[in-house]
Structure formats: C-alpha cells, structure tokens
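Structure record follows, encoded as structure tokens.
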Amino acid sequence: MPHHLMGDIIVSFKAKPVLEDKFWIIENNGIRVGTLSKEIDGFVLTQNGKVSVYDDKLQLNKTFGTEFLVAKITNPDKLLEKTVNGFPTKVYPYNEMYDIKRKLPLFTKSDLSKSVYCAGYYLIKFNVTWLKSFCPKLSTLEQNEFKGPYKSEIEMKGILKLCQ
C-alpha cells in the first residue's frame, strides 16, 4: 500500500475495485476520498469535486505507488451486493444494523456517516396521503406512520392499493 508523508501525517491511498479493471473506490487510510475509472484514453480520478486524468497505470503508480491498483475483487457478488438483511438499498451499505424492536434493516451510506437509512421499500403517511419511498432516512420513519419494509416495489404497491 502506498504511503506518502504530508507534513507529519502519513497518507495511504488504496484503490478498492468495484468493477474489475474498470472502476475503483479510492480510500485514504480507510476513508473514502474519491473514485477512479478506466476510460478509453486513460484513468479519471474524481476527488473532492476535482477531476484528474492519468494516461496509464505507470503514471498512477508514480503518483500513488506500485501497489495502488494491486487489489483484486475476491468475491464480486458480495462487494456489489446492495442489500441489508435481504432488503434492497440504493448504495453499497455500511454499518449494517437491525432494529429488532421495529424490525427495520438499517445502514449508513459511508463508513463514517451519522445518517441512518432504512433498507427496502416503504409506504409513509404524510398528512392523509400514503407515499412510496425507497430507502428513507430512519428519522423520516420515526416522525411518520409507515408500513414496511418490503423487499420489492411490486409488494409495496400491492399494500398501497389496500391503503387507498
């Protein structure tokens, strides 16, 4: 893993593959800091809204070290799995939890995030209207009457017909 010294801080960049030889999540000391994608004319690094282009792996290795792109996907199905306790999510879930009392599959969108989301499909009652929702924030469910979670949009729509 490449290490760079910036002042007194050791910076360790690692490219975690999401799609083999096509797309990576860039981490610095285990914290997500950007993405890297392989394009026809090289590599595109997006970090803090800034885009950098690298011609080839050699140029990436000069910048980030020779082990930057060494990691391989060992179990691609698990890496790309976007579910929590069998309920679908919009993104790869971090900090998976299960609220036993309310029977809610919970997750965050990044390792350090404090915002908690609920996996699956839900019906949430706002005033007198039931609205469809996919992966709402836990705080939204705590503040409103809801039905769910459901594992599919079809299942949720079937329950919605019974509510109207």
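Numbering starts fresh at 1 for the residues of each chain in the structure tokens, the chains themselves are lettered A, B, ... in the order given, and ligands are numbered from 1 as they appear.
Taking only C-alpha atoms, the non-local environment of A:Asn85 within 9 Å (same-chain residues fewer than 4 positions away omitted) comprises Glu96, Met97, Tyr98, Pro105, Leu106 and Ala119 of chain A.
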Can you tell me which residues surround stretch 30-32 of chain A at a distance of at most 9 Å, considering only C-alpha atoms, apart from same-chain residues fewer than 5 positions away, and format the answer as a PDB file with C-alpha atoms, in the first residue's frame?
ATOM      1  CA  SER A  12      -2.028   5.852   2.496  1.00  0.00           C
ATOM      2  CA  PHE A  13      -4.010   5.681  -0.750  1.00  0.00           C
ATOM      3  CA  LYS A  14      -5.645   2.450  -1.873  1.00  0.00           C
ATOM      4  CA  ILE A  25     -13.218   3.484  -4.790  1.00  0.00           C
ATOM      5  CA  SER A 110     -20.451   5.595   4.177  1.00  0.00           C
ATOM      6  CA  ASP A 111     -18.238   4.226   6.911  1.00  0.00           C
ATOM      7  CA  LEU A 112     -18.200   7.431   8.983  1.00  0.00           C
TER       8      LEU A 112
END
Out of stretch 3-156 of chain A, which residues get strand (DSSP E) from DSSP, as a PDB file with N, CA and C atoms, in the first residue's frame?
ATOM      1  N   HIS A   3       2.420   4.812   0.728  1.00  0.00           N
ATOM      2  CA  HIS A   3       2.404   5.739   1.849  1.00  0.00           C
ATOM      3  C   HIS A   3       3.113   7.011   1.415  1.00  0.00           C
ATOM      4  N   HIS A   4       2.519   8.127   1.681  1.00  0.00           N
ATOM      5  CA  HIS A   4       3.123   9.408   1.381  1.00  0.00           C
ATOM      6  C   HIS A   4       3.151  10.208   2.668  1.00  0.00           C
ATOM      7  N   LEU A   5       4.207  10.962   2.886  1.00  0.00           N
ATOM      8  CA  LEU A   5       4.302  11.785   4.079  1.00  0.00           C
ATOM      9  C   LEU A   5       3.925  13.208   3.705  1.00  0.00           C
ATOM     10  N   MET A   6       2.840  13.710   4.301  1.00  0.00           N
ATOM     11  CA  MET A   6       2.415  15.092   4.081  1.00  0.00           C
ATOM     12  C   MET A   6       2.512  15.783   5.431  1.00  0.00           C
ATOM     13  N   ILE A   9       1.801  13.785   8.727  1.00  0.00           N
ATOM     14  CA  ILE A   9       0.719  12.819   8.532  1.00  0.00           C
ATOM     15  C   ILE A   9       1.098  11.843   7.427  1.00  0.00           C
ATOM     16  N   ILE A  10       0.989  10.549   7.705  1.00  0.00           N
ATOM     17  CA  ILE A  10       1.226   9.536   6.676  1.00  0.00           C
ATOM     18  C   ILE A  10      -0.080   9.320   5.929  1.00  0.00           C
ATOM     19  N   VAL A  11      -0.045   9.497   4.614  1.00  0.00           N
ATOM     20  CA  VAL A  11      -1.221   9.336   3.773  1.00  0.00           C
ATOM     21  C   VAL A  11      -1.074   8.016   3.027  1.00  0.00           C
ATOM     22  N   SER A  12      -2.086   7.167   3.108  1.00  0.00           N
ATOM     23  CA  SER A  12      -2.028   5.852   2.496  1.00  0.00           C
ATOM     24  C   SER A  12      -3.205   5.681   1.543  1.00  0.00           C
ATOM     25  N   PHE A  13      -2.956   5.811   0.242  1.00  0.00           N
ATOM     26  CA  PHE A  13      -4.010   5.681  -0.750  1.00  0.00           C
ATOM     27  C   PHE A  13      -4.137   4.240  -1.222  1.00  0.00           C
ATOM     28  N   LYS A  14      -5.377   3.799  -1.393  1.00  0.00           N
ATOM     29  CA  LYS A  14      -5.645   2.450  -1.873  1.00  0.00           C
ATOM     30  C   LYS A  14      -6.845   2.502  -2.816  1.00  0.00           C
ATOM     31  N   ALA A  15      -6.743   1.813  -3.928  1.00  0.00           N
ATOM     32  CA  ALA A  15      -7.853   1.724  -4.877  1.00  0.00           C
ATOM     33  C   ALA A  15      -8.560   0.384  -4.654  1.00  0.00           C
ATOM     34  N   LYS A  16      -9.801   0.446  -4.174  1.00  0.00           N
ATOM     35  CA  LYS A  16     -10.594  -0.771  -3.951  1.00  0.00           C
ATOM     36  C   LYS A  16     -11.461  -1.019  -5.175  1.00  0.00           C
ATOM     37  N   PRO A  17     -11.264  -2.148  -5.849  1.00  0.00           N
ATOM     38  CA  PRO A  17     -12.028  -2.401  -7.072  1.00  0.00           C
ATOM     39  C   PRO A  17     -13.508  -2.635  -6.806  1.00  0.00           C
ATOM     40  N   VAL A  18     -14.344  -2.037  -7.642  1.00  0.00           N
ATOM     41  CA  VAL A  18     -15.789  -2.272  -7.607  1.00  0.00           C
ATOM     42  C   VAL A  18     -16.163  -3.081  -8.848  1.00  0.00           C
ATOM     43  N   LEU A  19     -15.660  -2.655  -9.999  1.00  0.00           N
ATOM     44  CA  LEU A  19     -15.788  -3.408 -11.247  1.00  0.00           C
ATOM     45  C   LEU A  19     -14.373  -3.712 -11.716  1.00  0.00           C
ATOM     46  N   PHE A  23     -13.499   0.209 -12.469  1.00  0.00           N
ATOM     47  CA  PHE A  23     -13.950   1.237 -11.517  1.00  0.00           C
ATOM     48  C   PHE A  23     -13.472   0.898 -10.110  1.00  0.00           C
ATOM     49  N   TRP A  24     -12.948   1.917  -9.402  1.00  0.00           N
ATOM     50  CA  TRP A  24     -12.403   1.729  -8.063  1.00  0.00           C
ATOM     51  C   TRP A  24     -12.910   2.828  -7.121  1.00  0.00           C
ATOM     52  N   ILE A  25     -12.996   2.500  -5.851  1.00  0.00           N
ATOM     53  CA  ILE A  25     -13.218   3.484  -4.790  1.00  0.00           C
ATOM     54  C   ILE A  25     -11.831   3.798  -4.229  1.00  0.00           C
ATOM     55  N   ILE A  26     -11.493   5.076  -4.130  1.00  0.00           N
ATOM     56  CA  ILE A  26     -10.191   5.474  -3.602  1.00  0.00           C
ATOM     57  C   ILE A  26     -10.342   5.797  -2.127  1.00  0.00           C
ATOM     58  N   GLU A  27      -9.505   5.157  -1.317  1.00  0.00           N
ATOM     59  CA  GLU A  27      -9.523   5.379   0.122  1.00  0.00           C
ATOM     60  C   GLU A  27      -8.175   5.919   0.578  1.00  0.00           C
ATOM     61  N   ASN A  28      -8.220   6.759   1.591  1.00  0.00           N
ATOM     62  CA  ASN A  28      -7.030   7.290   2.232  1.00  0.00           C
ATOM     63  C   ASN A  28      -7.113   6.890   3.696  1.00  0.00           C
ATOM     64  N   ILE A  31     -10.605   5.752   4.617  1.00  0.00           N
ATOM     65  CA  ILE A  31     -11.722   6.683   4.434  1.00  0.00           C
ATOM     66  C   ILE A  31     -11.874   6.967   2.947  1.00  0.00           C
ATOM     67  N   ARG A  32     -13.108   6.849   2.445  1.00  0.00           N
ATOM     68  CA  ARG A  32     -13.371   7.076   1.026  1.00  0.00           C
ATOM     69  C   ARG A  32     -13.098   8.542   0.679  1.00  0.00           C
ATOM     70  N   VAL A  33     -12.241   8.743  -0.328  1.00  0.00           N
ATOM     71  CA  VAL A  33     -11.881  10.105  -0.728  1.00  0.00           C
ATOM     72  C   VAL A  33     -12.141  10.377  -2.211  1.00  0.00           C
ATOM     73  N   GLY A  34     -12.538   9.365  -2.970  1.00  0.00           N
ATOM     74  CA  GLY A  34     -12.779   9.604  -4.386  1.00  0.00           C
ATOM     75  C   GLY A  34     -13.043   8.332  -5.149  1.00  0.00           C
ATOM     76  N   THR A  35     -13.110   8.475  -6.474  1.00  0.00           N
ATOM     77  CA  THR A  35     -13.320   7.329  -7.352  1.00  0.00           C
ATOM     78  C   THR A  35     -12.328   7.395  -8.504  1.00  0.00           C
ATOM     79  N   LEU A  36     -12.071   6.245  -9.083  1.00  0.00           N
ATOM     80  CA  LEU A  36     -11.180   6.135 -10.231  1.00  0.00           C
ATOM     81  C   LEU A  36     -11.875   5.264 -11.270  1.00  0.00           C
ATOM     82  N   SER A  37     -11.900   5.740 -12.504  1.00  0.00           N
ATOM     83  CA  SER A  37     -12.489   4.920 -13.564  1.00  0.00           C
ATOM     84  C   SER A  37     -11.528   4.817 -14.734  1.00  0.00           C
ATOM     85  N   LYS A  38     -11.560   3.673 -15.393  1.00  0.00           N
ATOM     86  CA  LYS A  38     -10.719   3.456 -16.577  1.00  0.00           C
ATOM     87  C   LYS A  38     -11.523   3.864 -17.799  1.00  0.00           C
ATOM     88  N   GLU A  39     -10.963   4.778 -18.556  1.00  0.00           N
ATOM     89  CA  GLU A  39     -11.617   5.273 -19.764  1.00  0.00           C
ATOM     90  C   GLU A  39     -10.775   4.860 -20.970  1.00  0.00           C
ATOM     91  N   GLY A  42      -7.325   6.631 -20.845  1.00  0.00           N
ATOM     92  CA  GLY A  42      -6.579   6.619 -19.583  1.00  0.00           C
ATOM     93  C   GLY A  42      -7.469   6.411 -18.373  1.00  0.00           C
ATOM     94  N   PHE A  43      -7.057   6.998 -17.248  1.00  0.00           N
ATOM     95  CA  PHE A  43      -7.779   6.865 -15.994  1.00  0.00           C
ATOM     96  C   PHE A  43      -8.273   8.231 -15.542  1.00  0.00           C
ATOM     97  N   VAL A  44      -9.484   8.278 -14.970  1.00  0.00           N
ATOM     98  CA  VAL A  44     -10.051   9.526 -14.475  1.00  0.00           C
ATOM     99  C   VAL A  44     -10.255   9.389 -12.971  1.00  0.00           C
ATOM    100  N   LEU A  45      -9.581  10.256 -12.223  1.00  0.00           N
ATOM    101  CA  LEU A  45      -9.677  10.288 -10.769  1.00  0.00           C
ATOM    102  C   LEU A  45     -10.557  11.474 -10.382  1.00  0.00           C
ATOM    103  N   THR A  46     -11.627  11.214  -9.619  1.00  0.00           N
ATOM    104  CA  THR A  46     -12.504  12.270  -9.123  1.00  0.00           C
ATOM    105  C   THR A  46     -12.360  12.305  -7.615  1.00  0.00           C
ATOM    106  N   GLN A  47     -11.978  13.481  -7.103  1.00  0.00           N
ATOM    107  CA  GLN A  47     -11.708  13.624  -5.675  1.00  0.00           C
ATOM    108  C   GLN A  47     -12.084  15.039  -5.250  1.00  0.00           C
ATOM    109  N   LYS A  50     -12.880  17.549  -7.860  1.00  0.00           N
ATOM    110  CA  LYS A  50     -11.821  17.815  -8.839  1.00  0.00           C
ATOM    111  C   LYS A  50     -11.569  16.558  -9.666  1.00  0.00           C
ATOM    112  N   VAL A  51     -11.296  16.757 -10.941  1.00  0.00           N
ATOM    113  CA  VAL A  51     -11.047  15.638 -11.846  1.00  0.00           C
ATOM    114  C   VAL A  51      -9.600  15.695 -12.317  1.00  0.00           C
ATOM    115  N   SER A  52      -8.905  14.558 -12.196  1.00  0.00           N
ATOM    116  CA  SER A  52      -7.530  14.431 -12.687  1.00  0.00           C
ATOM    117  C   SER A  52      -7.482  13.282 -13.679  1.00  0.00           C
ATOM    118  N   VAL A  53      -6.724  13.458 -14.753  1.00  0.00           N
ATOM    119  CA  VAL A  53      -6.609  12.424 -15.777  1.00  0.00           C
ATOM    120  C   VAL A  53      -5.180  11.888 -15.775  1.00  0.00           C
ATOM    121  N   TYR A  54      -5.061  10.556 -15.809  1.00  0.00           N
ATOM    122  CA  TYR A  54      -3.765   9.871 -15.859  1.00  0.00           C
ATOM    123  C   TYR A  54      -3.744   9.041 -17.133  1.00  0.00           C
ATOM    124  N   THR A  83     -27.761  -4.943  -0.347  1.00  0.00           N
ATOM    125  CA  THR A  83     -28.878  -5.371   0.491  1.00  0.00           C
ATOM    126  C   THR A  83     -28.465  -5.353   1.955  1.00  0.00           C
ATOM    127  N   VAL A  84     -29.474  -5.221   2.816  1.00  0.00           N
ATOM    128  CA  VAL A  84     -29.301  -5.343   4.259  1.00  0.00           C
ATOM    129  C   VAL A  84     -30.394  -6.282   4.738  1.00  0.00           C
ATOM    130  N   PHE A  87     -33.108  -6.929   2.246  1.00  0.00           N
ATOM    131  CA  PHE A  87     -33.847  -5.787   1.711  1.00  0.00           C
ATOM    132  C   PHE A  87     -32.910  -4.939   0.848  1.00  0.00           C
ATOM    133  N   PRO A  88     -33.387  -4.498  -0.325  1.00  0.00           N
ATOM    134  CA  PRO A  88     -32.521  -3.759  -1.250  1.00  0.00           C
ATOM    135  C   PRO A  88     -32.175  -2.352  -0.744  1.00  0.00           C
ATOM    136  N   TYR A  94     -23.070   0.490   4.466  1.00  0.00           N
ATOM    137  CA  TYR A  94     -22.050   0.440   5.512  1.00  0.00           C
ATOM    138  C   TYR A  94     -22.766   0.347   6.855  1.00  0.00           C
ATOM    139  N   ASN A  95     -22.063  -0.109   7.870  1.00  0.00           N
ATOM    140  CA  ASN A  95     -22.571  -0.154   9.244  1.00  0.00           C
ATOM    141  C   ASN A  95     -23.967  -0.774   9.324  1.00  0.00           C
ATOM    142  N   GLU A  96     -24.113  -1.950   8.737  1.00  0.00           N
ATOM    143  CA  GLU A  96     -25.414  -2.617   8.730  1.00  0.00           C
ATOM    144  C   GLU A  96     -25.864  -2.934  10.150  1.00  0.00           C
ATOM    145  N   MET A  97     -27.138  -2.647  10.428  1.00  0.00           N
ATOM    146  CA  MET A  97     -27.734  -2.890  11.745  1.00  0.00           C
ATOM    147  C   MET A  97     -29.135  -3.444  11.534  1.00  0.00           C
ATOM    148  N   TYR A  98     -29.716  -3.993  12.587  1.00  0.00           N
ATOM    149  CA  TYR A  98     -31.104  -4.427  12.518  1.00  0.00           C
ATOM    150  C   TYR A  98     -31.790  -4.010  13.803  1.00  0.00           C
ATOM    151  N   ASP A  99     -32.828  -3.174  13.663  1.00  0.00           N
ATOM    152  CA  ASP A  99     -33.616  -2.723  14.802  1.00  0.00           C
ATOM    153  C   ASP A  99     -34.648  -3.812  15.092  1.00  0.00           C
ATOM    154  N   LEU A 104     -36.507  -3.184  11.531  1.00  0.00           N
ATOM    155  CA  LEU A 104     -36.020  -2.352  10.439  1.00  0.00           C
ATOM    156  C   LEU A 104     -34.566  -2.669  10.109  1.00  0.00           C
ATOM    157  N   PRO A 105     -34.274  -2.972   8.822  1.00  0.00           N
ATOM    158  CA  PRO A 105     -32.890  -3.142   8.377  1.00  0.00           C
ATOM    159  C   PRO A 105     -32.271  -1.758   8.153  1.00  0.00           C
ATOM    160  N   LEU A 106     -31.214  -1.442   8.879  1.00  0.00           N
ATOM    161  CA  LEU A 106     -30.628  -0.104   8.864  1.00  0.00           C
ATOM    162  C   LEU A 106     -29.208  -0.123   8.323  1.00  0.00           C
ATOM    163  N   PHE A 107     -28.782   1.029   7.784  1.00  0.00           N
ATOM    164  CA  PHE A 107     -27.421   1.153   7.260  1.00  0.00           C
ATOM    165  C   PHE A 107     -27.061   2.626   7.131  1.00  0.00           C
ATOM    166  N   THR A 108     -25.766   2.875   6.906  1.00  0.00           N
ATOM    167  CA  THR A 108     -25.303   4.216   6.559  1.00  0.00           C
ATOM    168  C   THR A 108     -24.729   4.148   5.149  1.00  0.00           C
ATOM    169  N   TYR A 117     -30.188   5.108   7.334  1.00  0.00           N
ATOM    170  CA  TYR A 117     -31.236   4.854   6.359  1.00  0.00           C
ATOM    171  C   TYR A 117     -31.836   3.477   6.588  1.00  0.00           C
ATOM    172  N   CYS A 118     -33.049   3.279   6.075  1.00  0.00           N
ATOM    173  CA  CYS A 118     -33.753   2.007   6.209  1.00  0.00           C
ATOM    174  C   CYS A 118     -33.783   1.314   4.847  1.00  0.00           C
ATOM    175  N   TYR A 121     -38.403  -1.016   0.657  1.00  0.00           N
ATOM    176  CA  TYR A 121     -39.473  -0.135   0.188  1.00  0.00           C
ATOM    177  C   TYR A 121     -40.448   0.108   1.336  1.00  0.00           C
ATOM    178  N   TYR A 122     -40.989   1.317   1.390  1.00  0.00           N
ATOM    179  CA  TYR A 122     -41.886   1.705   2.476  1.00  0.00           C
ATOM    180  C   TYR A 122     -43.044   2.530   1.935  1.00  0.00           C
ATOM    181  N   LEU A 123     -44.126   2.515   2.692  1.00  0.00           N
ATOM    182  CA  LEU A 123     -45.225   3.450   2.495  1.00  0.00           C
ATOM    183  C   LEU A 123     -45.204   4.358   3.703  1.00  0.00           C
ATOM    184  N   ILE A 124     -45.166   5.667   3.464  1.00  0.00           N
ATOM    185  CA  ILE A 124     -45.095   6.631   4.551  1.00  0.00           C
ATOM    186  C   ILE A 124     -46.297   7.552   4.445  1.00  0.00           C
ATOM    187  N   LYS A 125     -46.991   7.725   5.566  1.00  0.00           N
ATOM    188  CA  LYS A 125     -48.187   8.560   5.576  1.00  0.00           C
ATOM    189  C   LYS A 125     -47.813   9.988   5.941  1.00  0.00           C
ATOM    190  N   PHE A 126     -48.010  10.886   4.968  1.00  0.00           N
ATOM    191  CA  PHE A 126     -47.820  12.314   5.188  1.00  0.00           C
ATOM    192  C   PHE A 126     -49.212  12.937   5.171  1.00  0.00           C
ATOM    193  N   THR A 129     -52.139  11.196   3.123  1.00  0.00           N
ATOM    194  CA  THR A 129     -51.719  10.512   1.899  1.00  0.00           C
ATOM    195  C   THR A 129     -50.573   9.545   2.154  1.00  0.00           C
ATOM    196  N   TRP A 130     -50.696   8.327   1.613  1.00  0.00           N
ATOM    197  CA  TRP A 130     -49.618   7.342   1.675  1.00  0.00           C
ATOM    198  C   TRP A 130     -48.719   7.537   0.459  1.00  0.00           C
ATOM    199  N   LEU A 131     -47.431   7.751   0.686  1.00  0.00           N
ATOM    200  CA  LEU A 131     -46.467   7.925  -0.396  1.00  0.00           C
ATOM    201  C   LEU A 131     -45.452   6.795  -0.399  1.00  0.00           C
ATOM    202  N   LYS A 132     -44.985   6.430  -1.616  1.00  0.00           N
ATOM    203  CA  LYS A 132     -43.993   5.368  -1.767  1.00  0.00           C
ATOM    204  C   LYS A 132     -42.608   5.935  -1.475  1.00  0.00           C
ATOM    205  N   SER A 133     -41.767   5.112  -0.854  1.00  0.00           N
ATOM    206  CA  SER A 133     -40.404   5.543  -0.559  1.00  0.00           C
ATOM    207  C   SER A 133     -39.461   4.350  -0.634  1.00  0.00           C
ATOM    208  N   PHE A 134     -38.260   4.595  -1.167  1.00  0.00           N
ATOM    209  CA  PHE A 134     -37.223   3.568  -1.239  1.00  0.00           C
ATOM    210  C   PHE A 134     -36.040   4.050  -0.424  1.00  0.00           C
ATOM    211  N   GLU A 145     -46.219   7.854  10.395  1.00  0.00           N
ATOM    212  CA  GLU A 145     -46.754   6.495  10.340  1.00  0.00           C
ATOM    213  C   GLU A 145     -46.233   5.859   9.055  1.00  0.00           C
ATOM    214  N   PHE A 146     -45.880   4.572   9.120  1.00  0.00           N
ATOM    215  CA  PHE A 146     -45.345   3.920   7.919  1.00  0.00           C
ATOM    216  C   PHE A 146     -45.723   2.448   7.915  1.00  0.00           C
ATOM    217  N   LYS A 147     -45.603   1.862   6.734  1.00  0.00           N
ATOM    218  CA  LYS A 147     -45.774   0.420   6.544  1.00  0.00           C
ATOM    219  C   LYS A 147     -44.536  -0.073   5.811  1.00  0.00           C
ATOM    220  N   GLY A 148     -44.025  -1.216   6.211  1.00  0.00           N
ATOM    221  CA  GLY A 148     -42.827  -1.756   5.581  1.00  0.00           C
ATOM    222  C   GLY A 148     -41.881  -2.281   6.628  1.00  0.00           C
ATOM    223  N   PRO A 149     -40.755  -2.762   6.226  1.00  0.00           N
ATOM    224  CA  PRO A 149     -40.183  -2.731   4.876  1.00  0.00           C
ATOM    225  C   PRO A 149     -40.718  -3.847   3.987  1.00  0.00           C
ATOM    226  N   TYR A 150     -40.626  -3.594   2.682  1.00  0.00           N
ATOM    227  CA  TYR A 150     -40.977  -4.577   1.662  1.00  0.00           C
ATOM    228  C   TYR A 150     -39.740  -4.822   0.808  1.00  0.00           C
TER     229      TYR A 150
END
Nearest residue to A:Gly86 from the set A:Gly120, A:Leu138, A:Arg102, A:Leu162 (distances using only C-alpha atoms): A:Gly120
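Picture a line from atom CA of A:Pro136 to atom CA of A:Val116; it runs 8.9 Å.
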